[in-house]
Amino acid sequence: MRNFRTLCVFLLWMTGMIIVTNDGMAQIPIGSDLSPFDYSRPKEYEIAGVKVSGIKYLDENVIVMLSGLAVGDKIKVPGDKTTDAVRKLWDQGLFEDVAITADNIVGGLIFLNIELKERPRVSKFSFDGLSKSEADEIRNKINLSRGDVANDHLFVKTKTIIKKFFAEKGYLNTEVEITQTPDTTRDNYVNLNISVKKNSKVRIEEIIIEGNHELSADQVKAAMKDTKEKGIFNPLNPIGPLVVDMVKDVVTLKPFSAVKRVENYFTSNFRLRIFKSSKFLEPKLEDDLDNIVKKYNSKGYRDARVVSDSLYHLPGGNVGIKLKISEGHKYYYRKIEWVGNTKYEEQTLNSVLGIKPGDVYNRELLETNLSYNPNGFDVSSLYMDDGYLFFHADPVEVLVENDSIDLQIRIREGKQARLSNVGVKGNTKTNDHVVIRELRTRPGQMFSRDLVIRTTRELANLKYFNAETINPDVKPNMADGTVDIDYNVEETSADQIELSGGWGYGRVIGTLGLSFNNFSARNFFKKEAWRPIPSGDGQKLAIRFQTYGKGYMNYSASFTEPWLGGKKPTSLTVSIFHSLYSNGLAKSDTNRAAFTINGLTFGIGKRLRVPDDYFTLYHGLNLMRYMLNNYSSIFQVGTGTGIFNVYSYNLVFGRNSISQPIYPRSGSDVSLSLEATLPYSLMNNKDYTKLDENEKYKMVEYYKWKFSGSFYAEVFNKFVLSTRMKFGYLGYYNGDIGITPFQRFYLGGDGLSGYNNLDGREIIGMRGYANETITPFYYSNRNIGGNIFSKYTLELRYPFSLNPSATIYGLAFLEAGNSWLGFDTFRPFDVKKAAGLGVRVFLPMFGILGLDWGYGFDQIPGLKDANGSQFHFSINQSID
């Protein structure tokens, strides 16, 4: 009967009839809201029906569920339940208006209508005040899309994300305004305009340090890597009062006070910020507060802490930071005890640890020498290089008394681990066998951390992978005492193209060069392998062509197989070249002058095992023929017509341990080479004093010694100090012949060899001076080159980007060098000096491009413009 009654009531509700109860009182008519009810006398009803009106995009059943109202519920009208339903719907943030009305009341039954007005939805949005790149980046962060409800929550969230984005870049006062305009093409949709005003970057104008006694304020500030004060350069600040005060201090015998005044003057007026920004970044500040504590810990102040840090605004929009420090007491190690060590004696461990009783407490040094010391040996490597992968050392301060600390280092040696599986992931272009042959870690070996690091270096030096992201994934299995290693690599482009047109030596020269550094000769005849060239086998193929009209042409090609036979790191290199320089006249013209060089080189290189496997040995056989026709500038005498042969043997002994080829941070590259011909003049009975040049130099004879050394060290936080030196000596066997006119040294300029490199000359770059001007007799136009040279370089480098697709670093340099002709003119300390700045850009397609400005301090006799301010462009480190 109840169901039948409810059905009848529902039908009457739907037909809109007015019901009169037995007591003769008319009920609330259809469409009335709940407000006419008497709040002082609420009446209980049973909900007989709930419907929703005014919605277009939302589901009615979901709205009813969210309201908490359900058919069969008992409610009081007026009452809390309907009020709660309105509040719940408001809280969704989806509606501009919410009301609950009674469509009909039948006896104790009530039919409710939830009347809603939906908030508009987002049709599209746009930005004002942003660059395209900024807009694209923010668009991804705010994750705003068509159909989102345009409510306050959305606006607040969007503003917060944008402000946070710019705050991380130093724009703390960013303003964001969001305006809505109706979309005329769609009902209840709006277009949003997000206007962003970044305002100026907020800089840190001052940092005030309080509570420091053992470390100066400058030392505390230096410990903060990313939180720096704004630079100051105020050379015009009056220096007169400083001088007066200094004189007073000197007269009154207060020299230290005078020094302090000078220090304060320069601190207040000169503070340069070249490589570090002074923008305020809150996350970086938190890290730097930890760095301050670490700095104090390294000085023995174990209990040091930053008590408080506060930020305050200054006139002009910048901020200041005040730090209060509690230094605590200075501590010393009193006793160091090892527990759990069975492999190595305590004396050996103490020697590697490098800390002894009485030393100042240094938490950083302790952790470095226990776990990982990138610049030396540590206890962990002592064990891990012998297979103890599961080794762990836990330093425990067992007693802290007054200023003394008793330290107990608890060791868990574990079992030696052997390599089970070793693999490489990410080599999508380079074939597996090319990568695997470079791995120093092989299945079955004892685990060695040193070999893992060495493998990472070898993979980086292939130049096929991003050196910054090579990641050995070491996965130990303690249950069976084995370990798996996967080397994760990221392929980069190894091939290079050189396409240029330039002005040099008074003429326009065009150059086309192609270098395929990961070539595959075995797939040369496979059509499907040309994508765009056969690659993946680690071979190198280089082709280069250079021309200047009819007068000059040069082409060369070389091929290198780095693993001849595929089993040992023995390389084979074959190269050919041809160059022709003429005055452009036809061959039939008797006035034609030409100089032609043809050459062929075979080379075998091998990686040695003794003294260690960083050493290499190279043997080369060079065959060259010079053919002159009416070209007298080589000898300055005679007709300049003849054929001259150079058959030489080249031996290079070197050691290369640099960390990576593009931006090395550590290691060295040292080589000693000898190139020599046979002493033909000593093997026959000819009197060379009576021979003309054509006969004297028909078989060119000489020997050439060269030494080069490059050393790299990361001095602090990405700053790398590069120290380089080069020496060369070109000697002769027979005094009657003297120094050969070929193969001489020409120093100065960008080091680029072009059509002017016709006599086999070796061009050595040196910044701050014009091309080849630091050469004996250059000023007299004889330009005959030198047979001795030396060059010294000191560079400080800093990387702006280590992205493999565009590695960029800047440098400052000091350079010195000179060349001489004969030992009678050799003065080792008589060198030309220069200094300057430069930048290097590595692009995988073009190699390393360089632009340097150098200032040469020493004049070149007879050449007014040879030194002074000079700009140099270099390709593939030709100037280095």
# chains A, B, ... in the order shown; residues from 1 in each chain; ligands from 1
>>> residues_around(residues="Thr456 in chain A", least_positions_apart="4", cutoff="8 Å", atoms="only C-alpha atoms", output="list of chain:residue names")
A:Val452, A:Ala460, A:Ile470, A:Asn471, A:Pro472
>>> select_by_dssp(residues="range 353-560 of chain A", states="helix (DSSP H, G or I)", output="PyMOL selection string")
chain A and resi 353+363-370+379-384+432-436+449-461+521-523+527-529
>>> write_last_selection(atoms="N, CA and C atoms", output="short mmCIF file (atom, residue, chain, number, x, y, z; two decimals), in the first residue's frame")
data_model
loop_
_atom_site.label_atom_id
_atom_site.label_comp_id
_atom_site.auth_asym_id
_atom_site.auth_seq_id
_atom_site.Cartn_x
_atom_site.Cartn_y
_atom_site.Cartn_z
N LEU A 353 92.86 6.51 5.84
CA LEU A 353 91.93 7.47 6.40
C LEU A 353 92.54 8.86 6.47
N ARG A 363 84.21 16.59 9.87
CA ARG A 363 83.22 15.60 9.46
C ARG A 363 83.30 15.33 7.94
N GLU A 364 83.50 16.38 7.17
CA GLU A 364 83.55 16.23 5.71
C GLU A 364 84.74 15.36 5.30
N LEU A 365 85.91 15.64 5.86
CA LEU A 365 87.10 14.85 5.53
C LEU A 365 86.92 13.40 5.95
N LEU A 366 86.30 13.18 7.09
CA LEU A 366 86.06 11.82 7.57
C LEU A 366 85.19 11.05 6.59
N GLU A 367 84.08 11.65 6.19
CA GLU A 367 83.17 10.97 5.27
C GLU A 367 83.80 10.76 3.90
N THR A 368 84.56 11.76 3.43
CA THR A 368 85.21 11.65 2.13
C THR A 368 86.23 10.52 2.11
N ASN A 369 87.09 10.46 3.14
CA ASN A 369 88.15 9.45 3.15
C ASN A 369 87.65 8.07 3.53
N LEU A 370 86.43 8.00 4.05
CA LEU A 370 85.83 6.70 4.31
C LEU A 370 85.07 6.18 3.08
N VAL A 379 89.02 4.55 2.08
CA VAL A 379 88.88 3.22 2.68
C VAL A 379 87.90 2.37 1.87
N SER A 380 86.82 2.98 1.42
CA SER A 380 85.83 2.23 0.65
C SER A 380 86.44 1.64 -0.62
N SER A 381 87.24 2.44 -1.36
CA SER A 381 87.85 1.93 -2.59
C SER A 381 88.85 0.83 -2.28
N LEU A 382 89.52 0.91 -1.12
CA LEU A 382 90.46 -0.13 -0.72
C LEU A 382 89.75 -1.48 -0.69
N TYR A 383 88.55 -1.51 -0.18
CA TYR A 383 87.78 -2.74 -0.11
C TYR A 383 87.07 -3.06 -1.43
N MET A 384 86.40 -2.05 -2.00
CA MET A 384 85.57 -2.31 -3.17
C MET A 384 86.39 -2.65 -4.42
N ASP A 432 76.54 -3.39 -30.36
CA ASP A 432 76.90 -3.89 -29.04
C ASP A 432 78.39 -4.21 -28.93
N HIS A 433 78.97 -4.83 -29.97
CA HIS A 433 80.37 -5.27 -29.86
C HIS A 433 81.32 -4.08 -29.72
N VAL A 434 80.93 -2.92 -30.27
CA VAL A 434 81.76 -1.73 -30.15
C VAL A 434 81.80 -1.25 -28.71
N VAL A 435 80.66 -1.33 -28.03
CA VAL A 435 80.58 -0.88 -26.64
C VAL A 435 81.19 -1.91 -25.71
N ILE A 436 80.87 -3.17 -25.94
CA ILE A 436 81.31 -4.23 -25.02
C ILE A 436 82.83 -4.33 -24.98
N ARG A 449 85.34 -1.23 -7.97
CA ARG A 449 84.79 0.10 -8.21
C ARG A 449 85.67 0.89 -9.17
N ASP A 450 86.99 0.68 -9.08
CA ASP A 450 87.90 1.39 -9.96
C ASP A 450 87.65 1.02 -11.43
N LEU A 451 87.36 -0.26 -11.69
CA LEU A 451 87.09 -0.68 -13.06
C LEU A 451 85.75 -0.16 -13.56
N VAL A 452 84.80 0.01 -12.67
CA VAL A 452 83.52 0.61 -13.06
C VAL A 452 83.74 2.07 -13.48
N ILE A 453 84.53 2.80 -12.68
CA ILE A 453 84.84 4.20 -13.02
C ILE A 453 85.63 4.27 -14.32
N ARG A 454 86.57 3.36 -14.49
CA ARG A 454 87.38 3.35 -15.72
C ARG A 454 86.51 3.05 -16.94
N THR A 455 85.57 2.13 -16.80
CA THR A 455 84.67 1.82 -17.92
C THR A 455 83.84 3.04 -18.30
N THR A 456 83.37 3.76 -17.30
CA THR A 456 82.61 4.98 -17.57
C THR A 456 83.46 5.97 -18.36
N ARG A 457 84.72 6.09 -18.00
CA ARG A 457 85.63 6.99 -18.73
C ARG A 457 85.81 6.54 -20.17
N GLU A 458 86.04 5.23 -20.37
CA GLU A 458 86.27 4.72 -21.73
C GLU A 458 85.04 4.94 -22.61
N LEU A 459 83.85 4.75 -22.06
CA LEU A 459 82.63 4.99 -22.84
C LEU A 459 82.49 6.46 -23.19
N ALA A 460 82.88 7.33 -22.25
CA ALA A 460 82.79 8.77 -22.52
C ALA A 460 83.75 9.17 -23.63
N ASN A 461 84.94 8.57 -23.64
CA ASN A 461 85.95 8.95 -24.62
C ASN A 461 85.69 8.40 -26.01
N ALA A 521 82.19 0.18 -42.24
CA ALA A 521 82.63 -0.16 -43.59
C ALA A 521 82.00 -1.46 -44.09
N ARG A 522 81.75 -2.42 -43.19
CA ARG A 522 81.22 -3.71 -43.63
C ARG A 522 79.79 -3.61 -44.16
N ASN A 523 79.11 -2.51 -43.81
CA ASN A 523 77.74 -2.32 -44.30
C ASN A 523 77.68 -1.33 -45.46
N LYS A 527 72.17 -1.60 -48.83
CA LYS A 527 71.30 -0.45 -49.11
C LYS A 527 70.55 0.00 -47.87
N GLU A 528 70.06 -0.97 -47.08
CA GLU A 528 69.24 -0.62 -45.92
C GLU A 528 70.06 0.04 -44.81
N ALA A 529 71.41 -0.03 -44.89
CA ALA A 529 72.25 0.56 -43.85
C ALA A 529 72.48 2.05 -44.05
#
>>> closest_residue(among="A:Tyr552, A:Asp858, A:Asp486, A:Thr492", to="Val424 in chain A", atoms="only C-alpha atoms")
A:Asp486
>>> atom_distance(atom1="CA of Thr158 in chain A", atom2="CA of Lys88 in chain A")
23.8 Å
